[in-house]
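What follows is the content of coords_7.txt (compact mmCIF, C-alpha atoms and all ligand atoms).
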# COMPACT_ATOMS: atom_id res chain seq x y z
CA MET A 1387 149.03 22.81 70.48
CA ILE A 1388 152.31 24.17 69.19
CA ALA A 1389 155.05 21.56 69.55
CA THR A 1390 158.13 23.61 68.80
CA LEU A 1391 157.67 27.25 69.41
CA ASP A 1392 158.23 29.52 66.43
CA PHE A 1393 158.06 33.26 66.92
CA HIS A 1394 157.36 36.15 64.61
CA ILE A 1395 159.62 38.85 65.95
CA THR A 1396 159.43 42.51 64.96
CA ARG A 1397 162.00 44.61 66.78
CA THR A 1398 161.43 48.23 67.63
CA LYS A 1399 163.31 50.86 65.65
CA ASN A 1400 162.91 53.38 68.48
CA SER A 1401 164.17 51.84 71.70
CA LYS A 1402 163.19 53.81 74.81
CA LEU A 1403 165.94 52.18 76.87
CA ALA A 1404 168.56 54.96 76.70
CA GLY A 1405 165.97 57.56 77.67
CA THR A 1406 164.68 55.62 80.68
CA ASP A 1407 165.76 56.72 84.14
CA PHE A 1408 166.24 53.49 86.11
CA ASN A 1409 166.33 55.50 89.33
CA LYS A 1410 162.78 56.61 88.67
CA LEU A 1411 160.58 53.63 87.82
CA PRO A 1412 157.12 54.17 89.28
CA PHE A 1413 155.35 50.83 89.60
CA GLY A 1414 153.40 49.79 86.49
CA ARG A 1415 153.92 53.00 84.51
CA VAL A 1416 157.06 52.34 82.51
CA PHE A 1417 156.85 49.71 79.76
CA SER A 1418 159.80 48.08 78.03
CA ASP A 1419 160.29 48.07 74.25
CA HIS A 1420 158.48 44.84 73.35
CA MET A 1421 155.45 42.73 74.23
CA LEU A 1422 154.31 39.19 73.52
CA VAL A 1423 151.04 38.81 71.61
CA VAL A 1424 149.41 35.45 70.87
CA GLU A 1425 146.04 35.16 69.15
CA TYR A 1426 143.58 32.31 69.70
CA GLU A 1427 141.34 31.63 66.73
CA ASP A 1428 139.60 28.60 65.20
CA ASN A 1429 140.17 26.64 68.42
CA GLU A 1430 143.93 26.99 68.40
CA TRP A 1431 146.73 29.23 69.56
CA LYS A 1432 148.53 30.90 66.65
CA THR A 1433 152.24 31.60 66.29
CA PRO A 1434 153.42 33.88 69.13
CA GLN A 1435 154.52 37.33 68.06
CA ILE A 1436 156.96 39.66 69.75
CA LEU A 1437 156.10 43.21 68.75
CA PRO A 1438 157.14 46.71 69.72
CA TYR A 1439 155.13 47.65 72.83
CA GLY A 1440 152.25 49.79 71.66
CA LYS A 1441 148.56 50.12 71.09
CA LEU A 1442 146.52 47.18 69.82
CA GLU A 1443 143.44 47.88 67.77
CA ILE A 1444 140.13 46.96 69.33
CA ALA A 1445 136.61 47.29 67.99
CA PRO A 1446 133.98 49.03 70.15
CA SER A 1447 132.05 45.75 70.03
CA MET A 1448 134.95 43.70 71.45
CA LEU A 1449 133.43 41.27 73.91
CA ALA A 1450 135.87 41.76 76.80
CA ILE A 1451 135.07 45.42 77.33
CA HIS A 1452 131.33 44.73 77.56
CA TYR A 1453 131.12 41.51 79.54
CA GLY A 1454 134.44 41.36 81.37
CA GLN A 1455 135.75 38.11 79.93
CA SER A 1456 139.29 39.02 80.82
CA ILE A 1457 141.90 37.54 83.15
CA PHE A 1458 145.43 38.48 84.13
CA GLU A 1459 148.42 37.64 86.28
CA GLY A 1460 151.20 39.55 88.00
CA MET A 1461 154.67 38.14 88.46
CA LYS A 1462 158.28 39.28 88.67
CA ALA A 1463 161.61 38.59 87.00
CA HIS A 1464 164.80 39.50 88.84
CA ARG A 1465 168.43 40.00 87.94
CA LYS A 1466 170.72 38.10 90.29
CA GLU A 1467 174.03 39.64 91.32
CA ASP A 1468 175.85 37.40 88.84
CA GLY A 1469 173.65 38.73 86.01
CA GLU A 1470 171.36 35.71 85.62
CA ILE A 1471 167.70 36.58 84.99
CA VAL A 1472 165.19 34.50 86.97
CA MET A 1473 161.43 34.43 87.44
CA PHE A 1474 159.96 33.72 90.87
CA ARG A 1475 157.70 30.61 91.03
CA PRO A 1476 156.10 31.26 87.61
CA GLU A 1477 154.50 27.80 87.60
CA LEU A 1478 152.09 29.01 90.30
CA ASN A 1479 151.03 31.97 88.14
CA PHE A 1480 150.68 29.61 85.19
CA GLN A 1481 148.41 27.26 87.15
CA ARG A 1482 146.36 30.16 88.53
CA MET A 1483 145.99 31.79 85.12
CA ASN A 1484 144.65 28.58 83.67
CA ALA A 1485 142.32 28.06 86.65
CA SER A 1486 141.01 31.60 86.03
CA ALA A 1487 140.64 30.74 82.32
CA VAL A 1488 138.50 27.69 83.12
CA ARG A 1489 136.25 29.69 85.50
CA MET A 1490 135.82 32.43 82.89
CA CYS A 1491 135.06 29.99 80.05
CA MET A 1492 138.29 30.80 78.20
CA PRO A 1493 140.84 28.49 76.57
CA THR A 1494 143.79 27.46 78.73
CA ILE A 1495 147.25 28.58 77.74
CA PRO A 1496 149.72 25.84 76.79
CA GLU A 1497 152.82 25.60 78.96
CA GLU A 1498 155.15 26.22 76.04
CA ILE A 1499 153.41 29.47 75.13
CA PHE A 1500 153.35 30.74 78.71
CA PHE A 1501 156.93 29.82 79.65
CA GLY A 1502 158.47 29.85 76.17
CA GLY A 1503 156.82 33.14 75.26
CA MET A 1504 157.74 34.88 78.47
CA SER A 1505 161.31 33.59 78.42
CA LYS A 1506 161.79 34.76 74.83
CA LEU A 1507 160.35 38.16 75.67
CA LEU A 1508 162.60 38.52 78.71
CA GLN A 1509 165.66 37.46 76.69
CA ILE A 1510 164.90 40.22 74.17
CA GLU A 1511 164.23 42.69 77.01
CA ALA A 1512 167.21 41.57 79.13
CA ASP A 1513 168.72 45.06 79.28
CA TRP A 1514 165.46 46.30 80.78
CA VAL A 1515 165.64 44.05 83.85
CA PRO A 1516 166.75 46.39 86.65
CA GLN A 1517 169.98 45.73 88.53
CA THR A 1518 169.42 47.52 91.82
CA SER A 1519 168.28 45.72 94.95
CA GLY A 1520 164.52 45.87 95.45
CA SER A 1521 163.93 46.65 91.75
CA SER A 1522 162.59 44.03 89.35
CA MET A 1523 160.77 43.46 86.09
CA TYR A 1524 157.04 43.17 86.75
CA LEU A 1525 155.38 40.96 84.14
CA ARG A 1526 151.73 41.41 83.35
CA PRO A 1527 150.17 38.60 81.31
CA VAL A 1528 146.57 39.32 80.30
CA MET A 1529 144.08 37.35 78.20
CA TYR A 1530 140.87 38.85 76.89
CA ALA A 1531 137.91 37.96 74.68
CA SER A 1532 138.44 39.47 71.25
CA ASP A 1533 135.26 38.62 69.33
CA GLU A 1534 133.55 41.64 67.81
CA VAL A 1535 129.96 40.94 68.67
CA VAL A 1536 127.33 42.36 70.98
CA GLY A 1537 125.82 39.31 72.66
CA MET A 1538 126.30 37.63 76.00
CA HIS A 1539 128.19 34.41 75.34
CA PRO A 1540 131.78 33.21 75.53
CA SER A 1541 134.04 34.57 72.83
CA THR A 1542 135.55 32.30 70.19
CA GLY A 1543 138.64 34.47 69.76
CA TYR A 1544 141.09 35.57 72.46
CA ARG A 1545 144.32 37.48 72.71
CA PHE A 1546 147.08 36.68 75.20
CA VAL A 1547 149.47 39.58 75.77
CA VAL A 1548 152.46 39.91 78.08
CA MET A 1549 153.94 43.31 78.86
CA CYS A 1550 156.97 44.14 80.99
CA CYS A 1551 157.24 46.96 83.51
CA PRO A 1552 160.70 47.60 84.93
CA SER A 1553 159.86 48.70 88.45
CA GLY A 1554 161.75 50.35 91.27
CA PRO A 1555 161.35 49.38 94.91
CA TYR A 1556 157.64 49.42 95.75
CA TYR A 1557 156.69 52.49 97.76
CA GLU A 1558 156.71 51.33 101.32
CA LYS A 1559 154.25 53.67 102.93
CA SER A 1560 152.41 51.99 105.81
CA LEU A 1561 148.76 51.49 105.02
CA ARG A 1562 145.63 52.51 106.89
CA MET A 1563 143.17 49.66 106.42
CA LYS A 1564 139.39 49.80 106.71
CA VAL A 1565 137.45 46.67 107.67
CA GLU A 1566 134.56 46.76 105.17
CA THR A 1567 131.20 45.46 106.33
CA ASP A 1568 128.81 47.18 103.90
CA TYR A 1569 130.20 46.19 100.50
CA VAL A 1570 131.63 42.83 99.44
CA ARG A 1571 134.31 41.90 96.94
CA ALA A 1572 133.13 38.37 96.22
CA ALA A 1573 130.39 35.93 97.20
CA SER A 1574 130.61 32.17 97.47
CA GLY A 1575 129.87 30.58 94.11
CA GLY A 1576 131.07 33.71 92.31
CA ILE A 1577 134.39 34.60 90.70
CA GLY A 1578 136.41 35.77 93.71
CA ALA A 1579 139.08 33.08 93.35
CA ALA A 1580 139.76 33.98 89.70
CA LYS A 1581 142.08 36.80 88.77
CA THR A 1582 139.53 38.43 86.54
CA ALA A 1583 138.68 42.03 85.74
CA GLY A 1584 135.25 42.12 87.41
CA ASN A 1585 136.61 41.49 90.91
CA TYR A 1586 138.74 44.60 90.67
CA ALA A 1587 135.98 46.71 89.14
CA ALA A 1588 133.68 45.71 92.03
CA SER A 1589 136.17 47.02 94.56
CA LEU A 1590 136.67 50.50 93.08
CA TYR A 1591 133.67 52.27 94.61
CA PRO A 1592 134.04 50.92 98.19
CA ALA A 1593 137.78 51.66 97.96
CA LYS A 1594 137.01 55.25 96.96
CA LEU A 1595 134.64 55.63 99.91
CA ALA A 1596 137.32 54.24 102.24
CA GLN A 1597 139.85 56.71 100.82
CA ASP A 1598 137.42 59.56 101.43
CA GLN A 1599 137.41 58.45 105.07
CA GLY A 1600 141.22 58.58 105.28
CA PHE A 1601 142.04 54.92 104.63
CA ASP A 1602 144.36 53.52 101.94
CA GLN A 1603 142.84 50.11 101.39
CA ILE A 1604 140.05 47.78 102.39
CA ILE A 1605 140.00 44.57 104.41
CA TRP A 1606 137.15 42.61 102.84
CA THR A 1607 134.83 40.50 104.97
CA ASP A 1608 132.76 37.51 103.87
CA SER A 1609 129.55 38.18 101.95
CA GLN A 1610 127.28 36.02 104.12
CA HIS A 1611 127.97 37.28 107.65
CA ARG A 1612 130.26 40.31 107.05
CA LYS A 1613 132.12 38.87 109.99
CA PHE A 1614 135.15 36.95 108.74
CA ILE A 1615 138.31 38.54 107.32
CA GLU A 1616 138.99 37.65 103.67
CA GLU A 1617 141.78 39.61 101.95
CA SER A 1618 142.65 43.05 100.67
CA GLY A 1619 142.43 44.68 97.22
CA THR A 1620 145.61 43.20 95.79
CA MET A 1621 147.05 41.33 98.76
CA ASN A 1622 146.35 38.46 101.09
CA LEU A 1623 146.49 39.26 104.79
CA MET A 1624 148.66 37.66 107.42
CA PHE A 1625 148.88 38.01 111.18
CA LYS A 1626 151.19 36.88 113.92
CA ILE A 1627 149.01 36.21 116.94
CA ASN A 1628 150.56 34.88 120.11
CA GLY A 1629 153.58 33.57 118.20
CA LYS A 1630 151.50 31.77 115.53
CA ILE A 1631 151.21 32.79 111.88
CA VAL A 1632 147.51 33.10 111.11
CA THR A 1633 145.85 33.77 107.75
CA PRO A 1634 142.30 33.28 106.45
CA ASP A 1635 141.92 29.89 104.77
CA VAL A 1636 141.48 30.13 100.98
CA HIS A 1637 138.11 29.28 99.53
CA ASP A 1638 136.23 30.39 96.43
CA THR A 1639 136.04 34.06 97.44
CA ILE A 1640 139.77 34.60 98.00
CA LEU A 1641 142.66 34.75 95.56
CA ASN A 1642 145.20 32.08 96.43
CA GLY A 1643 148.30 34.28 96.41
CA VAL A 1644 151.76 33.09 95.40
CA THR A 1645 153.29 35.27 98.13
CA ARG A 1646 150.85 33.86 100.71
CA ARG A 1647 151.83 30.32 99.79
CA THR A 1648 155.51 31.24 99.87
CA LEU A 1649 155.32 32.86 103.30
CA LEU A 1650 153.36 29.98 104.79
CA HIS A 1651 156.03 27.61 103.48
CA LEU A 1652 158.79 29.73 105.06
CA ALA A 1653 156.89 30.03 108.34
CA LYS A 1654 156.57 26.26 108.62
CA HIS A 1655 160.18 25.76 107.59
CA TRP A 1656 161.31 28.20 110.28
CA GLY A 1657 159.34 26.35 112.94
CA TYR A 1658 156.36 28.66 113.39
CA GLU A 1659 152.97 27.18 114.07
CA VAL A 1660 150.74 28.09 111.12
CA GLU A 1661 146.96 28.38 111.16
CA GLU A 1662 144.89 28.76 107.98
CA ARG A 1663 141.43 29.29 109.37
CA PRO A 1664 138.48 31.67 109.61
CA LEU A 1665 139.43 34.82 111.51
CA SER A 1666 136.55 36.93 112.75
CA ILE A 1667 136.35 40.67 113.27
CA ASP A 1668 135.60 40.00 116.96
CA GLU A 1669 138.75 37.93 117.36
CA LEU A 1670 140.77 40.60 115.60
CA LYS A 1671 139.45 43.28 117.97
CA THR A 1672 140.19 41.08 120.96
CA VAL A 1673 143.80 40.40 119.98
CA LEU A 1674 144.32 44.07 119.19
CA GLU A 1675 142.94 45.02 122.60
CA ASN A 1676 144.82 42.43 124.64
CA GLY A 1677 148.12 42.98 122.81
CA THR A 1678 148.55 39.43 121.47
CA MET A 1679 148.53 40.58 117.82
CA GLU A 1680 152.26 40.85 117.22
CA GLU A 1681 152.35 41.44 113.47
CA PHE A 1682 149.87 42.32 110.75
CA PHE A 1683 150.93 42.67 107.12
CA GLY A 1684 149.75 42.33 103.54
CA VAL A 1685 151.40 39.85 101.16
CA GLY A 1686 151.42 40.11 97.37
CA THR A 1687 153.76 40.10 94.39
CA ALA A 1688 153.96 43.88 93.99
CA ALA A 1689 154.89 44.93 97.54
CA VAL A 1690 155.93 41.47 98.79
CA ILE A 1691 155.22 42.62 102.37
CA ALA A 1692 153.06 45.68 103.02
CA GLN A 1693 153.31 47.35 106.39
CA MET A 1694 150.12 48.44 108.12
CA GLU A 1695 149.69 51.60 110.16
CA ALA A 1696 146.12 51.24 111.37
CA ILE A 1697 143.00 49.04 111.25
CA GLY A 1698 139.67 50.83 111.29
CA PHE A 1699 136.42 49.16 112.34
CA ASN A 1700 133.04 50.90 112.24
CA ASP A 1701 133.36 51.98 115.84
CA LYS A 1702 137.09 52.18 116.43
CA VAL A 1703 140.48 52.70 114.78
CA PHE A 1704 143.51 50.84 116.16
CA GLU A 1705 146.93 52.36 115.49
CA LEU A 1706 149.66 49.72 114.97
CA LYS A 1707 153.35 49.53 115.82
CA PRO A 1708 155.76 49.26 112.85
CA LEU A 1709 156.96 45.74 111.99
CA GLU A 1710 160.19 44.76 113.73
CA GLU A 1711 163.32 43.91 111.74
CA ASN A 1712 163.71 40.58 113.53
CA GLY A 1713 160.02 39.67 113.30
CA PHE A 1714 158.62 37.10 110.88
CA ALA A 1715 157.39 39.46 108.14
CA LEU A 1716 160.57 41.47 107.62
CA LYS A 1717 162.75 38.39 108.01
CA ALA A 1718 160.73 36.73 105.22
CA LYS A 1719 160.97 39.85 103.06
CA LYS A 1720 164.75 39.93 103.41
CA TYR A 1721 164.97 36.20 102.68
CA LEU A 1722 163.05 36.66 99.41
CA GLN A 1723 165.10 39.70 98.39
CA ASP A 1724 168.34 37.84 99.04
CA LEU A 1725 167.06 34.76 97.21
CA CYS A 1726 166.13 36.74 94.09
CA LYS A 1727 169.53 38.47 94.11
CA GLY A 1728 171.25 35.07 94.33
CA LYS A 1729 172.81 35.88 97.70
CA ILE A 1730 171.47 32.68 99.27
CA ALA A 1731 170.89 29.18 97.91
CA ASP A 1732 167.58 28.41 96.20
CA GLU A 1733 166.80 25.62 98.66
CA PHE A 1734 163.17 25.13 97.55
CA GLY A 1735 163.68 25.48 93.77
CA TRP A 1736 161.62 28.69 93.55
CA LEU A 1737 163.71 30.40 90.86
CA TYR A 1738 163.15 29.69 87.16
CA SER A 1739 166.19 30.58 85.07
CA VAL A 1740 165.47 32.61 81.94
CA MET A 1741 168.95 33.66 80.91
CA LYS A 1742 172.43 33.13 82.38
C1 LIG B 1 142.85 40.15 95.08
C2 LIG B 1 144.27 39.75 95.30
N1 LIG B 1 144.57 39.04 96.40
C3 LIG B 1 145.83 38.63 96.63
C4 LIG B 1 146.87 38.92 95.76
C5 LIG B 1 148.26 38.44 96.05
O1 LIG B 1 148.60 37.40 95.16
P1 LIG B 1 150.11 37.14 94.72
O2 LIG B 1 150.88 36.90 95.96
O3 LIG B 1 150.04 35.95 93.85
O4 LIG B 1 150.57 38.37 94.01
C6 LIG B 1 146.58 39.66 94.60
C7 LIG B 1 147.65 39.97 93.63
O5 LIG B 1 147.81 39.27 92.67
C8 LIG B 1 145.26 40.09 94.35
O6 LIG B 1 144.95 40.79 93.26

Please, can you express the file's structure as structure tokens?
Ligand SMILES: Cc1ncc(COP(=O)(O)O)c(C=O)c1O
Amino acid sequence: MIATLDFHITRTKNSKLAGTDFNKLPFGRVFSDHMLVVEYEDNEWKTPQILPYGKLEIAPSMLAIHYGQSIFEGMKAHRKEDGEIVMFRPELNFQRMNASAVRMCMPTIPEEIFFGGMSKLLQIEADWVPQTSGSSMYLRPVMYASDEVVGMHPSTGYRFVVMCCPSGPYYEKSLRMKVETDYVRAASGGIGAAKTAGNYAASLYPAKLAQDQGFDQIIWTDSQHRKFIEESGTMNLMFKINGKIVTPDVHDTILNGVTRRTLLHLAKHWGYEVEERPLSIDELKTVLENGTMEEFFGVGTAAVIAQMEAIGFNDKVFELKPLEENGFALKAKKYLQDLCKGKIADEFGWLYSVMK
């Protein structure tokens, strides 16, 4: 464990900042000038380095690319109207990253490396944090097995990297969702609750088939019965049914989303009845048919709230009404935008200050 955090800092000689168009920041495709890199060797984390963003050498035998011992997170930093840079609930990403590390037989990341490293990186990249409303700095921490050996066992060496993507407002196209009953994302006892590479790889082929059928994304169902709604590719799912906020309960096949937790907190605070429980395909069809499904939306760090245009079952596609401005989902979205811009008080202590 590193008590006081030293850094080795190498600054870029070729900043890309002046040449970056902040009005054109496609999500996840523009990277700032620097990244954080921390190696784990001989059972300990080494001195964190801040390096120019760029390629890292890997050997063809590197364990992560063969056996998928790799985990990541996704979180955002925002610039408030008064200039302060804040991260949104990073302690939840920290806890989830370390829970993923335990499940994937990887070392946990000490608090001071996670928070200290990311804060230092953001301080150096401060000019890259977008100003405009709806824009933010997406942070992508990743940890992967770095041993160079062909053999199926946990690595002894790891690399923790954090990169920064200044990102414009997420494209808000409404999504056509397919309820998937042939393929599964995760089975009980597996790795579905960890944010690890394999879960995403498993979803690529069914997602491609769904796209070929005119859908944008998948609604996963449970592996045992193919009957209960789980989540989507990179979002948890939330419904307003008969005035109540309903979402599948989290268990070991669902990622416990930060946005999901945040919205459930807001819903309770605003007096909605909240139900975290199994939600079957049959119930979903019934509430769609009898008109008691008032809102359906995806929740995740990238989009915050994703609007849905349609839900397709094997035998039927339901077209949906757009979300209403004064409904729960868009009210929550506005609340979070205003909070991260510093327009309203941080009543629940969700903002973590990085730089005033
Ligand atoms: C599979 C999956 N479910 C849900 C989410 C939403 O989680 P969060 O709100 O923490 O971004 C994500 C995104 O991280 C995800 O990849």

Find the residue from A:Gly1677, A:Gly1503, A:Gly1619, A:Gly1629 that sits nearest to ligand LIG 1 (chain B); use all atoms listed in the file when measuring.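 Checking each of A:Gly1677, A:Gly1503, A:Gly1619, A:Gly1629 against ligand LIG 1 (chain B), counting all atoms listed in the file, the winner is A:Gly1619.
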
Using only C-alpha atoms and all ligand atoms, which protein or nucleic acid residues are at most 10 Å from ligand LIG 1 (chain B), as a PyMOL selection string? chain A and resi 1458-1462+1475-1476+1478-1479+1482+1571-1572+1578-1583+1585-1586+1589+1606+1616-1623+1639-1649+1684-1691

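Going from CA of Gly1576 (chain A) over to CA of His1452 (chain A), you cover 18.4 Å.
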
CA of Lys1630 (chain A) to CA of Asp1608 (chain A), distance in Å rounded to a single decimal: 22.8 Å

Here is a test: counting all atoms listed in the file, which residue of A:Glu1681, A:Glu1477, A:Asp1568, A:Glu1659 is nearest to Glu1695 (chain A)?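 Of the candidates, the smallest distance to Glu1695 (chain A) is held by A:Glu1681.
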
Can you tell me, as an MDAnalysis selection string, what residues are no more than 10 Å from Phe1734 (chain A) when counting all atoms listed in the file, ignoring any on the same chain fewer than 2 positions away? chainID A and resid 1651:1652 1731:1732 1736:1737

Tell me which residues come within 8 Å of (160.2, 28.5, 69.8), as a list in words, counting all atoms listed in the file in the file's coordinates.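 Within the cut-off we find Thr1390, Leu1391, Asp1392, Phe1393, Gly1502 and Gly1503 of chain A.
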
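Separating CA of Gln1597 (chain A) from CA of Leu1411 (chain A) is a distance of 24.7 Å.
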
Find the residues around Asn1400 (chain A) up to 10 Å (only C-alpha atoms counted), leave out those fewer than 3 positions away in its own chain, and share them as a PDB file with C-alpha atoms, keeping the file's coordinate frame.
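This is the output file around-v5.pdb:
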ATOM      1  CA  ARG A1397     162.000  44.610  66.780  1.00  0.00           C
ATOM      2  CA  LEU A1403     165.940  52.180  76.870  1.00  0.00           C
ATOM      3  CA  ASP A1419     160.290  48.070  74.250  1.00  0.00           C
ATOM      4  CA  PRO A1438     157.140  46.710  69.720  1.00  0.00           C
TER       5      PRO A1438
END

From A:Val1660, A:Leu1437, A:Val1570, A:Met1694, residue lying nearest Glu1558 (chain A) [all atoms listed in the file]: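 Under the stated criterion, the closest residue is A:Met1694.
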
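The residue that comes closest to Leu1449 (chain A), out of A:Lys1729, A:His1539, A:Lys1410, A:Lys1702 and on the basis of only C-alpha atoms, is A:His1539.
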
Tell me which of A:Tyr1426, A:Trp1656, A:Phe1500, A:Tyr1453 sits closest to Met1483 (chain A), counting all atoms listed in the file.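 When distances to Met1483 (chain A) are compared using all atoms listed in the file, the smallest one comes from A:Phe1500.
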
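Nearest residue to Phe1699 (chain A) among A:Met1563, A:Leu1595, A:Val1673, A:Ile1395 is A:Met1563, counting all atoms listed in the file.
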